$ cat upload_29.pdb   # PDB, N, CA and C atoms
ATOM      1  N   MET T   1      90.523 101.266 104.545  1.00  0.00           N
ATOM      2  CA  MET T   1      91.801 101.071 105.195  1.00  0.00           C
ATOM      3  C   MET T   1      91.783  99.729 105.920  1.00  0.00           C
ATOM      4  N   LYS T   2      92.977  99.155 106.015  1.00  0.00           N
ATOM      5  CA  LYS T   2      93.134  97.896 106.730  1.00  0.00           C
ATOM      6  C   LYS T   2      94.307  98.045 107.699  1.00  0.00           C
ATOM      7  N   ARG T   3      94.050  97.783 108.960  1.00  0.00           N
ATOM      8  CA  ARG T   3      95.087  97.913 109.977  1.00  0.00           C
ATOM      9  C   ARG T   3      96.120  96.807 109.808  1.00  0.00           C
ATOM     10  N   ILE T   4      97.424  97.212 109.798  1.00  0.00           N
ATOM     11  CA  ILE T   4      98.501  96.221 109.675  1.00  0.00           C
ATOM     12  C   ILE T   4      99.467  96.272 110.857  1.00  0.00           C
ATOM     13  N   ASP T   5      99.361  97.302 111.689  1.00  0.00           N
ATOM     14  CA  ASP T   5     100.206  97.444 112.875  1.00  0.00           C
ATOM     15  C   ASP T   5      99.507  98.426 113.817  1.00  0.00           C
ATOM     16  N   THR T   6     100.130  98.724 114.930  1.00  0.00           N
ATOM     17  CA  THR T   6      99.508  99.574 115.944  1.00  0.00           C
ATOM     18  C   THR T   6      98.975 100.876 115.354  1.00  0.00           C
ATOM     19  N   ASN T   7      99.790 101.612 114.632  1.00  0.00           N
ATOM     20  CA  ASN T   7      99.379 102.894 114.053  1.00  0.00           C
ATOM     21  C   ASN T   7      99.516 102.922 112.537  1.00  0.00           C
ATOM     22  N   LYS T   8      99.566 101.755 111.893  1.00  0.00           N
ATOM     23  CA  LYS T   8      99.761 101.674 110.443  1.00  0.00           C
ATOM     24  C   LYS T   8      98.563 101.015 109.770  1.00  0.00           C
ATOM     25  N   TYR T   9      98.204 101.599 108.631  1.00  0.00           N
ATOM     26  CA  TYR T   9      97.065 101.106 107.870  1.00  0.00           C
ATOM     27  C   TYR T   9      97.398 101.077 106.384  1.00  0.00           C
ATOM     28  N   GLU T  10      96.938 100.040 105.703  1.00  0.00           N
ATOM     29  CA  GLU T  10      97.021 100.020 104.248  1.00  0.00           C
ATOM     30  C   GLU T  10      95.848 100.838 103.718  1.00  0.00           C
ATOM     31  N   LEU T  11      96.104 101.590 102.666  1.00  0.00           N
ATOM     32  CA  LEU T  11      95.100 102.459 102.060  1.00  0.00           C
ATOM     33  C   LEU T  11      94.660 101.857 100.732  1.00  0.00           C
ATOM     34  N   TYR T  12      93.339 101.772 100.530  1.00  0.00           N
ATOM     35  CA  TYR T  12      92.769 101.214  99.304  1.00  0.00           C
ATOM     36  C   TYR T  12      91.815 102.213  98.667  1.00  0.00           C
ATOM     37  N   PHE T  13      91.750 102.203  97.335  1.00  0.00           N
ATOM     38  CA  PHE T  13      90.731 102.946  96.601  1.00  0.00           C
ATOM     39  C   PHE T  13      89.853 101.928  95.899  1.00  0.00           C
ATOM     40  N   THR T  14      88.564 102.124  95.987  1.00  0.00           N
ATOM     41  CA  THR T  14      87.653 101.205  95.301  1.00  0.00           C
ATOM     42  C   THR T  14      86.950 101.868  94.132  1.00  0.00           C
ATOM     43  N   ASP T  15      86.968 103.198  94.083  1.00  0.00           N
ATOM     44  CA  ASP T  15      86.341 103.912  92.980  1.00  0.00           C
ATOM     45  C   ASP T  15      86.664 105.393  93.107  1.00  0.00           C
ATOM     46  N   PHE T  16      86.422 106.127  92.037  1.00  0.00           N
ATOM     47  CA  PHE T  16      86.613 107.573  92.039  1.00  0.00           C
ATOM     48  C   PHE T  16      85.295 108.248  91.714  1.00  0.00           C
ATOM     49  N   PRO T  17      85.034 109.401  92.314  1.00  0.00           N
ATOM     50  CA  PRO T  17      83.831 110.142  91.915  1.00  0.00           C
ATOM     51  C   PRO T  17      83.952 110.561  90.454  1.00  0.00           C
ATOM     52  N   PRO T  18      82.845 110.654  89.760  1.00  0.00           N
ATOM     53  CA  PRO T  18      82.903 110.994  88.323  1.00  0.00           C
ATOM     54  C   PRO T  18      83.449 112.385  88.028  1.00  0.00           C
ATOM     55  N   ILE T  19      83.559 113.255  89.027  1.00  0.00           N
ATOM     56  CA  ILE T  19      84.053 114.608  88.769  1.00  0.00           C
ATOM     57  C   ILE T  19      85.577 114.674  88.699  1.00  0.00           C
ATOM     58  N   ILE T  20      86.262 113.599  89.113  1.00  0.00           N
ATOM     59  CA  ILE T  20      87.719 113.595  89.083  1.00  0.00           C
ATOM     60  C   ILE T  20      88.175 113.006  87.745  1.00  0.00           C
ATOM     61  N   PRO T  21      88.880 113.804  86.919  1.00  0.00           N
ATOM     62  CA  PRO T  21      89.359 113.253  85.647  1.00  0.00           C
ATOM     63  C   PRO T  21      90.482 112.247  85.896  1.00  0.00           C
ATOM     64  N   LEU T  22      90.393 111.110  85.246  1.00  0.00           N
ATOM     65  CA  LEU T  22      91.392 110.062  85.425  1.00  0.00           C
ATOM     66  C   LEU T  22      92.360 110.052  84.251  1.00  0.00           C
ATOM     67  N   PRO T  23      93.616 109.665  84.494  1.00  0.00           N
ATOM     68  CA  PRO T  23      94.559 109.498  83.392  1.00  0.00           C
ATOM     69  C   PRO T  23      94.054 108.396  82.452  1.00  0.00           C
ATOM     70  N   ASP T  24      94.497 108.444  81.209  1.00  0.00           N
ATOM     71  CA  ASP T  24      94.048 107.465  80.212  1.00  0.00           C
ATOM     72  C   ASP T  24      94.241 106.024  80.678  1.00  0.00           C
ATOM     73  N   ASN T  25      95.373 105.741  81.353  1.00  0.00           N
ATOM     74  CA  ASN T  25      95.644 104.362  81.752  1.00  0.00           C
ATOM     75  C   ASN T  25      94.785 103.893  82.921  1.00  0.00           C
ATOM     76  N   MET T  26      93.927 104.787  83.444  1.00  0.00           N
ATOM     77  CA  MET T  26      93.039 104.409  84.543  1.00  0.00           C
ATOM     78  C   MET T  26      91.560 104.523  84.174  1.00  0.00           C
ATOM     79  N   GLU T  27      91.266 104.842  82.925  1.00  0.00           N
ATOM     80  CA  GLU T  27      89.876 105.027  82.494  1.00  0.00           C
ATOM     81  C   GLU T  27      89.035 103.775  82.703  1.00  0.00           C
ATOM     82  N   VAL T  28      89.610 102.607  82.481  1.00  0.00           N
ATOM     83  CA  VAL T  28      88.883 101.352  82.674  1.00  0.00           C
ATOM     84  C   VAL T  28      89.184 100.865  84.082  1.00  0.00           C
ATOM     85  N   TRP T  29      88.268 101.141  85.002  1.00  0.00           N
ATOM     86  CA  TRP T  29      88.516 100.839  86.404  1.00  0.00           C
ATOM     87  C   TRP T  29      88.681  99.345  86.641  1.00  0.00           C
ATOM     88  N   ASP T  30      88.103  98.508  85.804  1.00  0.00           N
ATOM     89  CA  ASP T  30      88.239  97.055  85.957  1.00  0.00           C
ATOM     90  C   ASP T  30      89.692  96.596  85.799  1.00  0.00           C
ATOM     91  N   ASN T  31      90.523  97.416  85.175  1.00  0.00           N
ATOM     92  CA  ASN T  31      91.944  97.075  85.029  1.00  0.00           C
ATOM     93  C   ASN T  31      92.733  97.307  86.323  1.00  0.00           C
ATOM     94  N   MET T  32      92.150  98.057  87.253  1.00  0.00           N
ATOM     95  CA  MET T  32      92.820  98.351  88.514  1.00  0.00           C
ATOM     96  C   MET T  32      92.484  97.263  89.528  1.00  0.00           C
ATOM     97  N   ASP T  33      93.486  96.842  90.286  1.00  0.00           N
ATOM     98  CA  ASP T  33      93.287  95.825  91.311  1.00  0.00           C
ATOM     99  C   ASP T  33      92.997  96.522  92.631  1.00  0.00           C
ATOM    100  N   ASN T  34      91.729  96.538  93.038  1.00  0.00           N
ATOM    101  CA  ASN T  34      91.379  97.234  94.270  1.00  0.00           C
ATOM    102  C   ASN T  34      91.630  96.380  95.512  1.00  0.00           C
ATOM    103  N   LYS T  35      92.264  95.227  95.331  1.00  0.00           N
ATOM    104  CA  LYS T  35      92.653  94.372  96.467  1.00  0.00           C
ATOM    105  C   LYS T  35      94.091  94.654  96.908  1.00  0.00           C
ATOM    106  N   LYS T  36      94.803  95.470  96.136  1.00  0.00           N
ATOM    107  CA  LYS T  36      96.180  95.830  96.480  1.00  0.00           C
ATOM    108  C   LYS T  36      96.195  97.263  97.006  1.00  0.00           C
ATOM    109  N   PRO T  37      96.941  97.506  98.076  1.00  0.00           N
ATOM    110  CA  PRO T  37      96.960  98.861  98.652  1.00  0.00           C
ATOM    111  C   PRO T  37      97.669  99.855  97.739  1.00  0.00           C
ATOM    112  N   VAL T  38      97.182 101.095  97.771  1.00  0.00           N
ATOM    113  CA  VAL T  38      97.840 102.168  97.024  1.00  0.00           C
ATOM    114  C   VAL T  38      98.884 102.864  97.891  1.00  0.00           C
ATOM    115  N   GLY T  39      98.875 102.556  99.178  1.00  0.00           N
ATOM    116  CA  GLY T  39      99.851 103.168 100.068  1.00  0.00           C
ATOM    117  C   GLY T  39      99.657 102.721 101.498  1.00  0.00           C
ATOM    118  N   ILE T  40     100.511 103.265 102.342  1.00  0.00           N
ATOM    119  CA  ILE T  40     100.475 102.996 103.783  1.00  0.00           C
ATOM    120  C   ILE T  40     100.345 104.331 104.502  1.00  0.00           C
ATOM    121  N   ILE T  41      99.444 104.387 105.468  1.00  0.00           N
ATOM    122  CA  ILE T  41      99.311 105.559 106.330  1.00  0.00           C
ATOM    123  C   ILE T  41      99.785 105.148 107.723  1.00  0.00           C
ATOM    124  N   GLU T  42     100.694 105.950 108.284  1.00  0.00           N
ATOM    125  CA  GLU T  42     101.164 105.709 109.644  1.00  0.00           C
ATOM    126  C   GLU T  42     100.871 106.944 110.481  1.00  0.00           C
ATOM    127  N   PHE T  43     100.052 106.781 111.508  1.00  0.00           N
ATOM    128  CA  PHE T  43      99.728 107.883 112.397  1.00  0.00           C
ATOM    129  C   PHE T  43     100.873 108.048 113.395  1.00  0.00           C
ATOM    130  N   ILE T  44     101.503 109.228 113.375  1.00  0.00           N
ATOM    131  CA  ILE T  44     102.641 109.526 114.243  1.00  0.00           C
ATOM    132  C   ILE T  44     102.145 110.096 115.571  1.00  0.00           C
ATOM    133  N   ARG T  45     101.259 111.037 115.476  1.00  0.00           N
ATOM    134  CA  ARG T  45     100.597 111.625 116.646  1.00  0.00           C
ATOM    135  C   ARG T  45      99.278 112.214 116.148  1.00  0.00           C
ATOM    136  N   GLU T  46      98.548 112.840 117.026  1.00  0.00           N
ATOM    137  CA  GLU T  46      97.214 113.338 116.677  1.00  0.00           C
ATOM    138  C   GLU T  46      97.224 114.315 115.502  1.00  0.00           C
ATOM    139  N   THR T  47      98.312 115.042 115.335  1.00  0.00           N
ATOM    140  CA  THR T  47      98.351 116.082 114.305  1.00  0.00           C
ATOM    141  C   THR T  47      99.264 115.747 113.127  1.00  0.00           C
ATOM    142  N   LYS T  48      99.817 114.537 113.071  1.00  0.00           N
ATOM    143  CA  LYS T  48     100.756 114.205 111.997  1.00  0.00           C
ATOM    144  C   LYS T  48     100.604 112.751 111.571  1.00  0.00           C
ATOM    145  N   LEU T  49     100.706 112.537 110.246  1.00  0.00           N
ATOM    146  CA  LEU T  49     100.752 111.177 109.719  1.00  0.00           C
ATOM    147  C   LEU T  49     101.732 111.128 108.569  1.00  0.00           C
ATOM    148  N   ASN T  50     102.271 109.952 108.320  1.00  0.00           N
ATOM    149  CA  ASN T  50     103.141 109.723 107.169  1.00  0.00           C
ATOM    150  C   ASN T  50     102.368 108.911 106.141  1.00  0.00           C
ATOM    151  N   LEU T  51     102.480 109.313 104.886  1.00  0.00           N
ATOM    152  CA  LEU T  51     101.850 108.592 103.792  1.00  0.00           C
ATOM    153  C   LEU T  51     102.938 108.091 102.854  1.00  0.00           C
ATOM    154  N   THR T  52     103.033 106.778 102.728  1.00  0.00           N
ATOM    155  CA  THR T  52     103.936 106.160 101.744  1.00  0.00           C
ATOM    156  C   THR T  52     103.061 105.720 100.580  1.00  0.00           C
ATOM    157  N   TRP T  53     103.372 106.226  99.400  1.00  0.00           N
ATOM    158  CA  TRP T  53     102.531 106.015  98.220  1.00  0.00           C
ATOM    159  C   TRP T  53     103.132 104.935  97.322  1.00  0.00           C
ATOM    160  N   TYR T  54     102.298 103.952  96.941  1.00  0.00           N
ATOM    161  CA  TYR T  54     102.706 102.890  96.009  1.00  0.00           C
ATOM    162  C   TYR T  54     102.171 103.119  94.606  1.00  0.00           C
ATOM    163  N   GLY T  55     100.999 103.703  94.511  1.00  0.00           N
ATOM    164  CA  GLY T  55     100.318 103.841  93.227  1.00  0.00           C
ATOM    165  C   GLY T  55      99.266 102.753  93.074  1.00  0.00           C
ATOM    166  N   PHE T  56      98.650 102.732  91.925  1.00  0.00           N
ATOM    167  CA  PHE T  56      97.568 101.790  91.635  1.00  0.00           C
ATOM    168  C   PHE T  56      98.118 100.607  90.860  1.00  0.00           C
ATOM    169  N   TYR T  57      97.710  99.399  91.227  1.00  0.00           N
ATOM    170  CA  TYR T  57      98.183  98.212  90.527  1.00  0.00           C
ATOM    171  C   TYR T  57      97.291  97.946  89.324  1.00  0.00           C
ATOM    172  N   HIS T  58      97.907  97.952  88.143  1.00  0.00           N
ATOM    173  CA  HIS T  58      97.209  97.708  86.881  1.00  0.00           C
ATOM    174  C   HIS T  58      97.331  96.224  86.554  1.00  0.00           C
ATOM    175  N   LYS T  59      96.197  95.526  86.533  1.00  0.00           N
ATOM    176  CA  LYS T  59      96.207  94.068  86.364  1.00  0.00           C
ATOM    177  C   LYS T  59      96.753  93.634  85.013  1.00  0.00           C
ATOM    178  N   LYS T  60      96.435  94.355  83.947  1.00  0.00           N
ATOM    179  CA  LYS T  60      96.909  93.953  82.611  1.00  0.00           C
ATOM    180  C   LYS T  60      98.398  94.257  82.429  1.00  0.00           C
ATOM    181  N   LEU T  61      98.848  95.393  82.956  1.00  0.00           N
ATOM    182  CA  LEU T  61     100.263  95.759  82.836  1.00  0.00           C
ATOM    183  C   LEU T  61     101.125  95.041  83.874  1.00  0.00           C
ATOM    184  N   LYS T  62     100.477  94.508  84.921  1.00  0.00           N
ATOM    185  CA  LYS T  62     101.151  93.796  86.015  1.00  0.00           C
ATOM    186  C   LYS T  62     102.217  94.656  86.698  1.00  0.00           C
ATOM    187  N   LYS T  63     101.822  95.915  86.954  1.00  0.00           N
ATOM    188  CA  LYS T  63     102.723  96.824  87.663  1.00  0.00           C
ATOM    189  C   LYS T  63     101.912  97.985  88.225  1.00  0.00           C
ATOM    190  N   ASN T  64     102.532  98.691  89.160  1.00  0.00           N
ATOM    191  CA  ASN T  64     101.896  99.881  89.727  1.00  0.00           C
ATOM    192  C   ASN T  64     102.042 101.037  88.753  1.00  0.00           C
ATOM    193  N   ILE T  65     100.973 101.828  88.646  1.00  0.00           N
ATOM    194  CA  ILE T  65     100.990 103.033  87.816  1.00  0.00           C
ATOM    195  C   ILE T  65     100.632 104.220  88.699  1.00  0.00           C
ATOM    196  N   GLU T  66     100.843 105.418  88.191  1.00  0.00           N
ATOM    197  CA  GLU T  66     100.583 106.637  88.971  1.00  0.00           C
ATOM    198  C   GLU T  66     101.309 106.552  90.316  1.00  0.00           C
ATOM    199  N   ILE T  67     102.613 106.260  90.229  1.00  0.00           N
ATOM    200  CA  ILE T  67     103.393 105.982  91.436  1.00  0.00           C
ATOM    201  C   ILE T  67     103.970 107.230  92.113  1.00  0.00           C
ATOM    202  N   GLU T  68     103.830 108.378  91.487  1.00  0.00           N
ATOM    203  CA  GLU T  68     104.324 109.598  92.132  1.00  0.00           C
ATOM    204  C   GLU T  68     103.374 110.007  93.252  1.00  0.00           C
ATOM    205  N   ASN T  69     103.929 110.308  94.408  1.00  0.00           N
ATOM    206  CA  ASN T  69     103.127 110.686  95.560  1.00  0.00           C
ATOM    207  C   ASN T  69     102.319 111.945  95.205  1.00  0.00           C
ATOM    208  N   PRO T  70     100.999 111.923  95.410  1.00  0.00           N
ATOM    209  CA  PRO T  70     100.177 113.082  95.030  1.00  0.00           C
ATOM    210  C   PRO T  70     100.468 114.344  95.835  1.00  0.00           C
ATOM    211  N   PHE T  71     101.163 114.232  96.967  1.00  0.00           N
ATOM    212  CA  PHE T  71     101.471 115.403  97.787  1.00  0.00           C
ATOM    213  C   PHE T  71     102.858 115.967  97.509  1.00  0.00           C
ATOM    214  N   ASP T  72     103.773 115.142  97.041  1.00  0.00           N
ATOM    215  CA  ASP T  72     105.123 115.581  96.690  1.00  0.00           C
ATOM    216  C   ASP T  72     105.710 114.552  95.748  1.00  0.00           C
ATOM    217  N   ARG T  73     105.782 114.882  94.490  1.00  0.00           N
ATOM    218  CA  ARG T  73     106.215 113.930  93.451  1.00  0.00           C
ATOM    219  C   ARG T  73     107.661 113.454  93.636  1.00  0.00           C
ATOM    220  N   LYS T  74     108.436 114.191  94.414  1.00  0.00           N
ATOM    221  CA  LYS T  74     109.851 113.849  94.594  1.00  0.00           C
ATOM    222  C   LYS T  74     110.082 112.854  95.723  1.00  0.00           C
ATOM    223  N   LYS T  75     109.059 112.608  96.553  1.00  0.00           N
ATOM    224  CA  LYS T  75     109.218 111.733  97.712  1.00  0.00           C
ATOM    225  C   LYS T  75     108.210 110.598  97.677  1.00  0.00           C
ATOM    226  N   LYS T  76     108.656 109.415  98.050  1.00  0.00           N
ATOM    227  CA  LYS T  76     107.756 108.272  98.161  1.00  0.00           C
ATOM    228  C   LYS T  76     106.925 108.371  99.450  1.00  0.00           C
ATOM    229  N   THR T  77     107.542 108.876 100.522  1.00  0.00           N
ATOM    230  CA  THR T  77     106.859 109.057 101.801  1.00  0.00           C
ATOM    231  C   THR T  77     106.849 110.533 102.159  1.00  0.00           C
ATOM    232  N   VAL T  78     105.681 111.048 102.539  1.00  0.00           N
ATOM    233  CA  VAL T  78     105.556 112.440 102.964  1.00  0.00           C
ATOM    234  C   VAL T  78     104.898 112.485 104.338  1.00  0.00           C
ATOM    235  N   SER T  79     105.206 113.540 105.066  1.00  0.00           N
ATOM    236  CA  SER T  79     104.558 113.790 106.358  1.00  0.00           C
ATOM    237  C   SER T  79     103.461 114.815 106.150  1.00  0.00           C
ATOM    238  N   LEU T  80     102.285 114.515 106.631  1.00  0.00           N
ATOM    239  CA  LEU T  80     101.144 115.423 106.525  1.00  0.00           C
ATOM    240  C   LEU T  80     100.778 115.889 107.925  1.00  0.00           C
ATOM    241  N   LYS T  81     100.559 117.183 108.056  1.00  0.00           N
ATOM    242  CA  LYS T  81     100.224 117.750 109.368  1.00  0.00           C
ATOM    243  C   LYS T  81      98.827 118.358 109.310  1.00  0.00           C
ATOM    244  N   LYS T  82      98.124 118.224 110.409  1.00  0.00           N
ATOM    245  CA  LYS T  82      96.792 118.797 110.520  1.00  0.00           C
ATOM    246  C   LYS T  82      96.893 120.314 110.559  1.00  0.00           C
ATOM    247  N   CYS T  83      96.068 120.968 109.760  1.00  0.00           N
ATOM    248  CA  CYS T  83      96.022 122.427 109.751  1.00  0.00           C
ATOM    249  C   CYS T  83      95.322 122.915 111.004  1.00  0.00           C
ATOM    250  N   SER T  84      95.705 124.101 111.442  1.00  0.00           N
ATOM    251  CA  SER T  84      95.018 124.672 112.600  1.00  0.00           C
ATOM    252  C   SER T  84      93.624 125.117 112.156  1.00  0.00           C
ATOM    253  N   ASN T  85      92.718 125.212 113.092  1.00  0.00           N
ATOM    254  CA  ASN T  85      91.347 125.616 112.799  1.00  0.00           C
ATOM    255  C   ASN T  85      91.191 127.115 112.673  1.00  0.00           C
ATOM    256  N   GLU T  86      92.268 127.832 112.843  1.00  0.00           N
ATOM    257  CA  GLU T  86      92.205 129.305 112.787  1.00  0.00           C
ATOM    258  C   GLU T  86      92.525 129.814 111.423  1.00  0.00           C
TER     259      GLU T  86
END
$ encode --input "upload_29.pdb" --output "structure tokens"
Amino acid sequence: MKRIDTNKYELYFTDFPPIIPLPDNMEVWDNMDNKKPVGIIEFIRETKLNLTWYGFYHKKLKKNIEIENPFDRKKKTVSLKKCSNE
């Protein structure tokens, strides 16, 4: 993560564990630009954050791929809340 404002951070992925199956267009990790953020995380309070998802930038296609938010495909930005410990 890279801080860009008081409570905002750019989110980056540099690699995936081998147990996570990747879509065909992401099999060659060298095609992904790990210098571009995949999203923005904004901490609202201790128990809530907003995640705005951009997707992964594919260097050969020159566009973001896998752009649907992994938490809600219908929204670009989602609010995530901390679960209770109970």
$ atom_distance --input "upload_29.pdb" --atom1 "atom N of Tyr54 of chain T" --atom2 "atom C of Met26 of chain T"
16.7 Å
$ closest_residue --input "upload_29.pdb" --among "T:Lys62, T:Pro21, T:Phe13, T:Thr77" --to "Val38 of chain T" --atoms "only N, CA and C atoms"
T:Phe13
$ closest_residue --input "upload_29.pdb" --among "T:Gly55, T:Leu61, T:Lys82, T:Glu42" --to "Thr6 of chain T" --atoms "all atoms listed in the file"
T:Glu42
$ resolve_selection --input "upload_29.pdb" --expression "the PyMOL selection byres ((chain T and resi 32) around 7)" --output "list in words"
Met26, Val28, Trp29, Asp30, Asn31, Asp33, Asn34, Lys35, Phe56, Tyr57, His58, Lys59 and Lys60 of chain T
$ atom_distance --input "upload_29.pdb" --atom1 "atom N of Lys8 of chain T" --atom2 "atom CA of Asn64 of chain T"
22.4 Å
$ select_by_dssp --input "upload_29.pdb" --residues "segment 22-62 of chain T" --states "helix (DSSP H, G or I)" --output "list in words"
Asp24, Asn25, Met26, Trp29, Asp30 and Asn31 of chain T
$ resolve_selection --input "upload_29.pdb" --expression "the PyMOL selection byres ((chain T and resi 43-49) around 8)" --output "ChimeraX atom specification"
/T:6-9,40-42,50-52,78-83
$ residues_around --input "upload_29.pdb" --residues "Glu68 of chain T" --least-positions-apart "5" --cutoff "8 Å" --atoms "only C-alpha atoms" --output "compact mmCIF listing (two decimals) with N, CA and C atoms, in the coordinates of the input"
# COMPACT_ATOMS: atom_id res chain seq x y z
N TRP T 53 103.37 106.23 99.40
CA TRP T 53 102.53 106.02 98.22
C TRP T 53 103.13 104.94 97.32
N TYR T 54 102.30 103.95 96.94
CA TYR T 54 102.71 102.89 96.01
C TYR T 54 102.17 103.12 94.61
N GLY T 55 101.00 103.70 94.51
CA GLY T 55 100.32 103.84 93.23
C GLY T 55 99.27 102.75 93.07
N ARG T 73 105.78 114.88 94.49
CA ARG T 73 106.22 113.93 93.45
C ARG T 73 107.66 113.45 93.64
N LYS T 74 108.44 114.19 94.41
CA LYS T 74 109.85 113.85 94.59
C LYS T 74 110.08 112.85 95.72
N LYS T 75 109.06 112.61 96.55
CA LYS T 75 109.22 111.73 97.71
C LYS T 75 108.21 110.60 97.68
N LYS T 76 108.66 109.42 98.05
CA LYS T 76 107.76 108.27 98.16
C LYS T 76 106.92 108.37 99.45
$ atom_distance --input "upload_29.pdb" --atom1 "atom CA of Glu10 of chain T" --atom2 "atom CA of Pro37 of chain T"
5.7 Å
$ axis_aligned_box --input "upload_29.pdb" --around "segment 54-63 of chain T" --padding-each-side "6 Å" --output "lines of an AutoDock Vina configuration file"
center_x = 99.5
center_y = 98.8
center_z = 89.7
size_x = 18.5
size_y = 22.3
size_z = 26.5
$ select_by_dssp --input "upload_29.pdb" --residues "chain T" --states "strand (DSSP E or B)" --output "ChimeraX atom specification"
/T:2-3,8-11,32,39-45,48-53,56-58,63-65,77-81
